[in-house]
$ cat protein-v1.cif   # mmCIF, C-alpha atoms
data_my_file
#
loop_
_atom_site.label_atom_id
_atom_site.label_comp_id
_atom_site.auth_asym_id
_atom_site.auth_seq_id
_atom_site.Cartn_x
_atom_site.Cartn_y
_atom_site.Cartn_z
CA MET K 623 0.00 0.00 0.00
CA CYS K 624 1.37 3.39 -1.03
CA SER K 625 1.72 5.79 1.87
CA LEU K 626 0.87 9.48 1.79
CA PHE K 627 4.51 10.36 2.51
CA ARG K 628 5.92 8.44 -0.41
CA ALA K 629 3.38 9.84 -2.81
CA LYS K 630 4.49 13.42 -2.22
CA ASP K 631 7.65 13.08 -4.35
CA MET K 632 7.69 11.59 -7.81
CA GLY K 633 10.19 11.59 -10.67
CA ILE K 634 9.02 10.89 -14.23
CA ASP K 635 11.12 10.01 -17.26
CA LEU K 636 8.60 10.76 -20.00
CA GLY K 637 10.40 8.98 -22.81
CA THR K 638 9.55 8.42 -26.46
CA ALA K 639 10.00 4.66 -26.08
CA ASN K 640 9.37 4.10 -22.35
CA THR K 641 7.93 5.99 -19.39
CA LEU K 642 9.51 5.36 -15.99
CA ILE K 643 8.19 6.64 -12.67
CA TYR K 644 10.36 6.89 -9.56
CA LEU K 645 8.56 7.15 -6.22
CA LYS K 646 10.41 8.38 -3.15
CA GLY K 647 11.02 5.51 -0.77
CA SER K 648 10.09 2.88 -3.34
CA GLY K 649 12.42 3.44 -6.32
CA ILE K 650 11.22 2.80 -9.87
CA ILE K 651 7.71 1.39 -9.67
CA VAL K 652 6.51 1.97 -13.24
CA ASN K 653 8.54 1.01 -16.32
CA GLU K 654 6.24 0.73 -19.32
CA PRO K 655 6.42 1.37 -23.08
CA SER K 656 5.01 4.79 -24.05
CA VAL K 657 2.20 3.29 -26.12
CA ILE K 658 -1.58 3.68 -25.93
CA ALA K 659 -4.33 1.74 -27.74
CA THR K 660 -7.73 3.35 -28.37
CA ASP K 661 -10.96 1.97 -29.81
CA GLU K 662 -11.80 4.76 -32.29
CA ARG K 663 -15.44 3.65 -32.66
CA ARG K 664 -16.25 3.80 -28.97
CA LYS K 665 -13.65 6.51 -28.21
CA VAL K 666 -12.26 4.61 -25.22
CA THR K 667 -8.75 3.62 -24.16
CA ILE K 668 -8.40 -0.16 -24.15
CA ALA K 669 -4.73 -0.62 -23.27
CA VAL K 670 -1.65 1.32 -22.14
CA GLY K 671 2.02 0.36 -21.82
CA MET K 672 3.24 -3.17 -22.55
CA GLU K 673 -0.28 -4.44 -23.24
CA ALA K 674 -0.68 -1.75 -25.92
CA LYS K 675 2.81 -2.32 -27.35
CA ASN K 676 1.96 -5.98 -27.92
CA MET K 677 -0.84 -4.78 -30.22
CA LEU K 678 1.49 -2.78 -32.52
CA GLY K 679 1.22 -4.01 -36.09
CA LYS K 680 -1.54 -6.47 -35.16
CA ALA K 681 -4.61 -4.34 -34.39
CA PRO K 682 -7.78 -4.21 -36.56
CA LYS K 683 -8.74 -0.93 -38.26
CA ASN K 684 -10.99 0.31 -35.47
CA ILE K 685 -8.19 0.12 -32.89
CA SER K 686 -5.55 2.85 -33.03
CA VAL K 687 -2.22 1.89 -31.42
CA VAL K 688 0.12 4.88 -31.20
CA ARG K 689 3.17 6.23 -29.44
CA PRO K 690 1.98 9.72 -28.46
CA LEU K 691 5.54 11.02 -28.11
CA GLN K 692 7.67 11.26 -31.23
CA ASP K 693 11.32 12.31 -31.38
CA GLY K 694 11.22 13.28 -27.71
CA VAL K 695 8.23 15.62 -27.93
CA ILE K 696 4.49 15.31 -27.38
CA SER K 697 2.85 14.73 -30.77
CA ASP K 698 -0.61 13.88 -29.38
CA PHE K 699 -1.40 15.89 -26.25
CA ASP K 700 -4.67 14.14 -25.33
CA LYS K 701 -3.29 10.63 -25.66
CA THR K 702 -0.12 11.55 -23.75
CA ALA K 703 -2.29 12.92 -20.94
CA GLU K 704 -4.41 9.76 -20.86
CA MET K 705 -1.34 7.51 -20.91
CA LEU K 706 0.40 9.49 -18.16
CA ARG K 707 -2.78 9.56 -16.08
CA THR K 708 -2.91 5.75 -16.18
CA PHE K 709 0.76 5.41 -15.22
CA ILE K 710 0.50 7.90 -12.33
CA GLN K 711 -2.61 6.16 -11.00
CA LYS K 712 -0.68 2.89 -11.12
CA ALA K 713 2.22 4.53 -9.26
CA LEU K 714 -0.08 5.89 -6.57
CA SER K 715 -2.02 2.63 -6.26
CA SER K 716 -5.14 4.45 -7.52
CA ARG K 717 -5.29 6.67 -4.41
CA LYS K 718 -6.56 10.22 -4.84
CA ILE K 719 -3.60 12.27 -3.66
CA ARG K 720 -3.25 15.95 -4.51
CA ASN K 721 -0.43 18.47 -4.45
CA PHE K 722 2.41 15.97 -4.70
CA ARG K 723 5.76 17.20 -6.07
CA VAL K 724 6.93 15.99 -9.48
CA VAL K 725 10.11 16.34 -11.50
CA VAL K 726 9.78 15.47 -15.19
CA GLY K 727 12.78 14.71 -17.39
CA VAL K 728 12.50 16.15 -20.92
CA PRO K 729 15.01 16.22 -23.85
CA SER K 730 17.35 19.22 -23.85
CA GLY K 731 16.09 20.40 -27.26
CA VAL K 732 12.43 20.92 -26.30
CA THR K 733 10.90 24.37 -26.62
CA GLU K 734 9.26 26.37 -23.84
CA VAL K 735 5.88 25.61 -25.43
CA GLU K 736 6.60 21.87 -25.22
CA LYS K 737 7.75 22.24 -21.61
CA ARG K 738 4.51 24.02 -20.73
CA ALA K 739 2.56 21.20 -22.40
CA VAL K 740 4.32 18.64 -20.18
CA ASP K 741 3.75 20.83 -17.11
CA GLN K 742 0.05 21.09 -17.96
CA VAL K 743 -0.34 17.31 -18.34
CA VAL K 744 1.31 16.59 -14.98
CA ARG K 745 -0.60 19.32 -13.11
CA GLY K 746 -3.78 17.85 -14.57
CA MET K 747 -2.96 14.67 -12.64
CA GLY K 748 -3.11 16.58 -9.35
CA ALA K 749 0.53 17.60 -8.94
CA GLY K 750 1.23 20.78 -7.01
CA ASP K 751 4.87 21.67 -7.67
CA VAL K 752 6.16 20.60 -11.08
CA TYR K 753 9.81 20.97 -12.08
CA ILE K 754 11.00 20.38 -15.63
CA LEU K 755 14.54 19.00 -15.73
CA GLU K 756 16.47 18.38 -18.91
CA GLU K 757 17.24 14.71 -19.41
CA PRO K 758 21.04 14.94 -19.57
CA MET K 759 21.07 16.75 -16.20
CA ALA K 760 18.67 14.19 -14.72
CA ALA K 761 20.73 11.32 -16.18
CA ALA K 762 23.96 12.78 -14.77
CA ILE K 763 22.42 13.05 -11.29
CA GLY K 764 21.00 9.53 -11.54
CA ALA K 765 24.31 8.11 -12.75
CA GLY K 766 26.18 9.70 -9.82
CA LEU K 767 28.21 12.32 -11.70
CA PRO K 768 29.45 15.32 -9.65
CA VAL K 769 27.15 17.88 -11.28
CA ASP K 770 27.71 20.52 -8.57
CA GLY K 771 31.51 20.44 -8.74
CA THR K 772 33.87 22.86 -10.44
CA THR K 773 35.25 20.05 -12.58
CA GLY K 774 33.25 19.60 -15.78
CA CYS K 775 31.54 16.26 -16.44
CA MET K 776 29.99 14.99 -19.66
CA ILE K 777 27.11 12.63 -20.40
CA ALA K 778 25.37 11.34 -23.53
CA ASP K 779 21.86 10.01 -22.85
CA ILE K 780 20.70 7.92 -25.82
CA GLY K 781 16.97 7.34 -25.46
CA GLY K 782 14.22 6.25 -27.84
CA GLY K 783 13.58 9.55 -29.62
CA THR K 784 16.57 11.75 -28.82
CA THR K 785 20.24 11.60 -27.99
CA ASP K 786 20.94 14.31 -25.41
CA ILE K 787 24.57 15.24 -24.87
CA ALA K 788 25.63 17.71 -22.19
CA ILE K 789 28.66 19.08 -20.41
CA ILE K 790 27.80 20.05 -16.83
CA ALA K 791 29.60 22.07 -14.14
CA LEU K 792 28.51 23.99 -11.02
CA GLY K 793 24.96 22.64 -11.22
CA GLY K 794 24.33 23.92 -14.75
CA ILE K 795 24.60 22.76 -18.35
CA VAL K 796 27.58 24.51 -19.93
CA ALA K 797 27.11 23.10 -23.43
CA SER K 798 24.56 20.70 -24.90
CA THR K 799 23.41 19.09 -28.12
CA SER K 800 20.09 17.34 -28.70
CA ILE K 801 19.87 15.07 -31.73
CA ARG K 802 16.55 13.60 -32.82
CA HIS K 803 18.40 10.44 -33.74
CA ALA K 804 18.33 7.64 -31.20
CA GLY K 805 16.77 4.21 -30.53
CA ASP K 806 13.83 4.60 -32.95
CA LYS K 807 16.12 5.68 -35.78
CA LEU K 808 18.42 2.72 -35.04
CA ASN K 809 15.44 0.36 -35.41
CA GLU K 810 14.50 2.09 -38.65
CA ALA K 811 18.06 1.73 -39.97
CA ILE K 812 17.96 -2.02 -39.25
CA ILE K 813 14.59 -2.39 -41.03
CA GLN K 814 15.92 -0.57 -44.12
CA TYR K 815 19.16 -2.57 -44.13
CA MET K 816 17.31 -5.91 -43.94
CA LYS K 817 15.04 -4.78 -46.76
CA LYS K 818 17.85 -3.66 -49.09
CA ARG K 819 20.52 -6.24 -48.22
CA HIS K 820 18.43 -9.38 -47.62
CA ALA K 821 15.06 -8.53 -49.29
CA LEU K 822 13.43 -9.31 -45.95
CA LEU K 823 10.67 -7.13 -44.55
CA ILE K 824 10.78 -7.13 -40.74
CA GLY K 825 8.73 -5.28 -38.14
CA GLU K 826 9.87 -2.79 -35.52
CA HIS K 827 9.69 -5.40 -32.76
CA THR K 828 12.09 -7.73 -34.64
CA ALA K 829 14.42 -4.83 -35.42
CA GLU K 830 14.53 -3.90 -31.73
CA GLU K 831 15.34 -7.50 -30.74
CA LEU K 832 18.19 -7.61 -33.27
CA LYS K 833 19.52 -4.28 -31.96
CA ILE K 834 19.42 -5.41 -28.32
CA ASN K 835 20.80 -8.92 -28.84
CA ILE K 836 23.45 -8.58 -31.55
CA GLY K 837 23.61 -4.85 -32.30
CA CYS K 838 27.15 -3.43 -32.13
CA ALA K 839 29.03 -0.25 -32.99
CA CYS K 840 32.26 -2.09 -33.91
CA MET K 841 33.38 -5.72 -34.02
CA ASP K 842 35.26 -7.63 -31.33
CA VAL K 843 38.27 -9.67 -32.46
CA ASP K 844 39.91 -12.79 -31.00
CA GLU K 845 43.62 -13.23 -30.17
CA ASN K 846 44.34 -13.99 -33.85
CA GLY K 847 42.70 -10.81 -35.04
CA ASN K 848 39.63 -12.55 -36.44
CA GLU K 849 36.22 -10.95 -36.01
CA ILE K 850 33.99 -12.66 -33.45
CA ILE K 851 30.70 -13.42 -35.20
CA GLU K 852 27.39 -13.68 -33.34
CA THR K 853 24.15 -14.70 -35.00
CA MET K 854 20.40 -14.48 -34.44
CA GLN K 855 17.32 -15.67 -36.32
CA ALA K 856 15.18 -12.91 -37.87
CA ARG K 857 11.66 -13.66 -39.07
CA GLY K 858 9.81 -11.58 -41.60
CA ARG K 859 8.31 -11.57 -45.08
CA ASP K 860 10.32 -12.24 -48.22
CA ILE K 861 9.84 -9.19 -50.47
CA ILE K 862 10.20 -11.26 -53.67
CA SER K 863 7.96 -14.25 -52.87
CA GLY K 864 5.71 -12.52 -50.34
CA LEU K 865 5.99 -15.57 -48.08
CA PRO K 866 7.20 -15.83 -44.46
CA LYS K 867 10.95 -16.33 -44.20
CA THR K 868 13.53 -16.93 -41.45
CA LEU K 869 17.06 -15.66 -41.93
CA GLU K 870 20.25 -15.89 -39.91
CA VAL K 871 21.59 -12.39 -39.21
CA THR K 872 25.07 -11.58 -37.88
CA ASN K 873 26.42 -8.87 -35.61
CA LYS K 874 28.44 -7.65 -38.62
CA ASP K 875 25.14 -7.04 -40.44
CA MET K 876 24.05 -4.96 -37.47
CA MET K 877 27.30 -3.00 -37.37
CA ILE K 878 26.88 -2.09 -41.05
CA ALA K 879 23.20 -1.24 -40.54
CA LEU K 880 23.96 1.05 -37.58
CA GLN K 881 27.13 2.66 -38.95
CA GLU K 882 25.54 5.90 -40.19
CA SER K 883 23.59 6.32 -36.93
CA MET K 884 26.72 5.74 -34.84
CA ASP K 885 28.54 8.39 -36.90
CA ILE K 886 25.76 10.92 -36.21
CA ILE K 887 25.96 10.28 -32.44
CA VAL K 888 29.77 10.53 -32.39
CA ASP K 889 29.61 13.77 -34.41
CA GLY K 890 27.12 15.14 -31.83
CA ILE K 891 29.56 14.33 -29.02
CA LYS K 892 32.40 16.09 -30.87
CA ALA K 893 30.19 19.13 -31.58
CA THR K 894 29.31 19.44 -27.88
CA ILE K 895 32.96 19.40 -26.84
CA GLU K 896 33.68 22.10 -29.42
CA LYS K 897 31.09 24.36 -27.72
CA ALA K 898 32.74 24.04 -24.30
CA PRO K 899 35.20 26.60 -22.83
CA PRO K 900 38.85 25.40 -22.96
CA GLU K 901 39.11 24.72 -19.19
CA ILE K 902 35.99 22.57 -19.23
CA ALA K 903 37.16 20.74 -22.37
CA ALA K 904 40.41 19.98 -20.53
CA ASP K 905 38.41 18.44 -17.64
CA ILE K 906 36.52 16.23 -20.09
CA ALA K 907 39.76 15.16 -21.78
CA GLU K 908 41.12 14.13 -18.36
CA HIS K 909 38.04 12.49 -16.84
CA GLY K 910 36.21 11.23 -19.93
CA MET K 911 32.46 10.95 -20.43
CA MET K 912 29.54 8.69 -19.51
CA LEU K 913 26.87 6.96 -21.59
CA SER K 914 23.31 6.42 -20.36
CA GLY K 915 19.94 5.50 -21.82
CA GLY K 916 19.00 2.25 -23.55
CA GLY K 917 21.07 3.20 -26.61
CA GLY K 918 24.12 3.74 -24.42
CA ARG K 919 24.23 -0.01 -23.90
CA ILE K 920 24.77 -0.85 -27.58
CA LYS K 921 27.77 -3.16 -27.62
CA ASN K 922 31.13 -1.45 -28.16
CA LEU K 923 29.68 2.04 -28.59
CA ASP K 924 32.02 3.10 -25.77
CA LYS K 925 34.99 1.65 -27.71
CA LEU K 926 33.95 3.44 -30.91
CA ILE K 927 33.65 6.82 -29.14
CA LYS K 928 37.05 6.32 -27.48
CA LYS K 929 38.60 5.45 -30.83
CA ARG K 930 37.13 8.56 -32.51
CA THR K 931 37.62 11.09 -29.70
CA ASP K 932 40.48 9.64 -27.62
CA MET K 933 38.34 10.08 -24.47
CA ASP K 934 37.70 7.50 -21.79
CA VAL K 935 34.07 6.38 -21.91
CA THR K 936 32.13 4.60 -19.16
CA ILE K 937 28.59 3.21 -19.25
CA ALA K 938 26.31 4.08 -16.33
CA GLU K 939 25.49 1.04 -14.21
CA ASN K 940 21.82 2.03 -14.26
CA ALA K 941 21.95 3.29 -17.86
CA PHE K 942 18.30 2.61 -18.68
CA GLU K 943 16.92 4.04 -15.42
CA ALA K 944 19.37 6.94 -14.94
CA VAL K 945 16.97 9.74 -15.97
CA ALA K 946 14.12 8.42 -13.79
CA VAL K 947 16.44 7.92 -10.80
CA GLY K 948 17.93 11.40 -11.33
CA THR K 949 14.52 13.09 -11.38
CA GLY K 950 13.65 11.37 -8.10
CA MET K 951 17.01 12.08 -6.44
CA SER K 952 16.86 15.77 -7.40
CA LEU K 953 13.79 16.19 -5.14
CA GLU K 954 15.95 15.51 -2.09
CA ASP K 955 17.29 19.07 -2.28
CA ILE K 956 14.62 21.47 -3.55
CA GLU K 957 16.93 24.52 -3.55
CA LYS K 958 19.45 22.73 -5.76
CA LEU K 959 16.62 21.44 -7.96
CA LYS K 960 15.45 25.03 -8.53
CA VAL K 961 18.97 25.88 -9.72
CA TYR K 962 19.08 22.86 -12.04
CA ALA K 963 15.66 23.67 -13.52
CA GLN K 964 16.44 27.39 -13.82
CA SER K 965 19.74 26.61 -15.52
CA SER K 966 17.84 24.61 -18.14
CA SER K 967 15.37 27.45 -18.79
CA SER K 968 17.94 30.25 -18.81
CA ARG K 969 19.71 28.84 -21.86
CA ARG K 970 16.65 29.26 -24.08
#

$ encode --input "protein-v1.cif" --output "structure tokens"
Amino acid sequence: MCSLFRAKDMGIDLGTANTLIYLKGSGIIVNEPSVIATDERRKVTIAVGMEAKNMLGKAPKNISVVRPLQDGVISDFDKTAEMLRTFIQKALSSRKIRNFRVVVGVPSGVTEVEKRAVDQVVRGMGAGDVYILEEPMAAAIGAGLPVDGTTGCMIADIGGGTTDIAIIALGGIVASTSIRHAGDKLNEAIIQYMKKRHALLIGEHTAEELKINIGCACMDVDENGNEIIETMQARGRDIISGLPKTLEVTNKDMMIALQESMDIIVDGIKATIEKAPPEIAADIAEHGMMLSGGGGRIKNLDKLIKKRTDMDVTIAENAFEAVAVGTGMSLEDIEKLKVYAQSSSSRR
């Protein structure tokens, strides 16, 4: 049973691919895909989260299955509100609690209008104080980086819709880059590669499984210098015959499929460093950078970045949950949180 005390503080990672909710005293209690299914004839919501995601690509015409956030921003306000309402009710065990405090993580490239839209949705759920925190700042806090120190630290949070890269010092973002090229675009790249290279039409779910299981930024080699090959079965429809087909796909296929996307992310990291003052850039050169987000766990992405930038790269232990944890942790010091949130707004 959720107590009144715990319900007063909540952190939300409102992600394009997944929504995570962190509740003070309980940790992450909601981790669901950002998907909602609606019966358009009856105008009612029939599923949210994983249950709705399982309907993608399988629903009849009268059922609309959508992801109401695209490229890190709200594309369908009403459906985002309905989805978030369901998740918050789940987090609060359906209790009617008002005036709780909420921190929401949003991509660093969102506009003030988009921030107000998020604020409005959350307040509509009964929240009193709402703080909007940029995702790279939230991820850095959640990953344990010293964001308040004089030494600059750097993080790249690769989510579903956006890759948010930031250099942080003294509780503020010194330089940042937001690229609308992340997990969804990686899935798309795999779908296009399979279509062109193997004449196999696969769905987004299969592409995501390939990315997670054998996706890599560069190949591992054995002691003799030979590439270590990993394989996985991919099922789809043969474009030529139109019949179902199963194909064995390798990690090298995935590396080739993801190459352009990896280049875009690495270029974003370089561009962010170029924006930083020389002293901060020197700190980053000495201490390296951190990767977070689901995309940060793509095999050997850390090695590729090190090879291209000559920086040490570490992957956050809680890479997937870092933003949600950071939004929750930031509520422990409201005065600092106000500085973090103000720093995000002042750079507009």

$ residues_near_point --input "protein-v1.cif" --point "(31.7, 15.9, -17.7)" --cutoff "7 Å" --atoms "all atoms listed in the file" --output "PyMOL selection string"
chain K and resi 774-777+789-790+906+910-911

$ write_last_selection --input "protein-v1.cif" --atoms "C-alpha atoms" --output "PDB file, in the frame of the given file"
ATOM      1  CA  GLY K 774      33.250  19.600 -15.780  1.00  0.00           C
ATOM      2  CA  CYS K 775      31.540  16.260 -16.440  1.00  0.00           C
ATOM      3  CA  MET K 776      29.990  14.990 -19.660  1.00  0.00           C
ATOM      4  CA  ILE K 777      27.110  12.630 -20.400  1.00  0.00           C
ATOM      5  CA  ILE K 789      28.660  19.080 -20.410  1.00  0.00           C
ATOM      6  CA  ILE K 790      27.800  20.050 -16.830  1.00  0.00           C
ATOM      7  CA  ILE K 906      36.520  16.230 -20.090  1.00  0.00           C
ATOM      8  CA  GLY K 910      36.210  11.230 -19.930  1.00  0.00           C
ATOM      9  CA  MET K 911      32.460  10.950 -20.430  1.00  0.00           C
TER      10      MET K 911
END

$ atom_distance --input "protein-v1.cif" --atom1 "atom CA of Asp932 of chain K" --atom2 "atom CA of Ile887 of chain K"
15.3 Å

$ residues_around --input "protein-v1.cif" --residues "Ile836 of chain K" --least-positions-apart "5" --cutoff "10 Å" --atoms "all atoms listed in the file" --output "PyMOL selection string"
chain K and resi 831+851-854+871-877+920-921

$ atom_distance --input "protein-v1.cif" --atom1 "atom CA of Asp786 of chain K" --atom2 "atom CA of Ser798 of chain K"
7.4 Å

$ residues_around --input "protein-v1.cif" --residues "segment 702-707 of chain K" --least-positions-apart "2" --cutoff "6 Å" --atoms "all atoms listed in the file" --output "ChimeraX atom specification"
/K:690,699-700,709-710,743
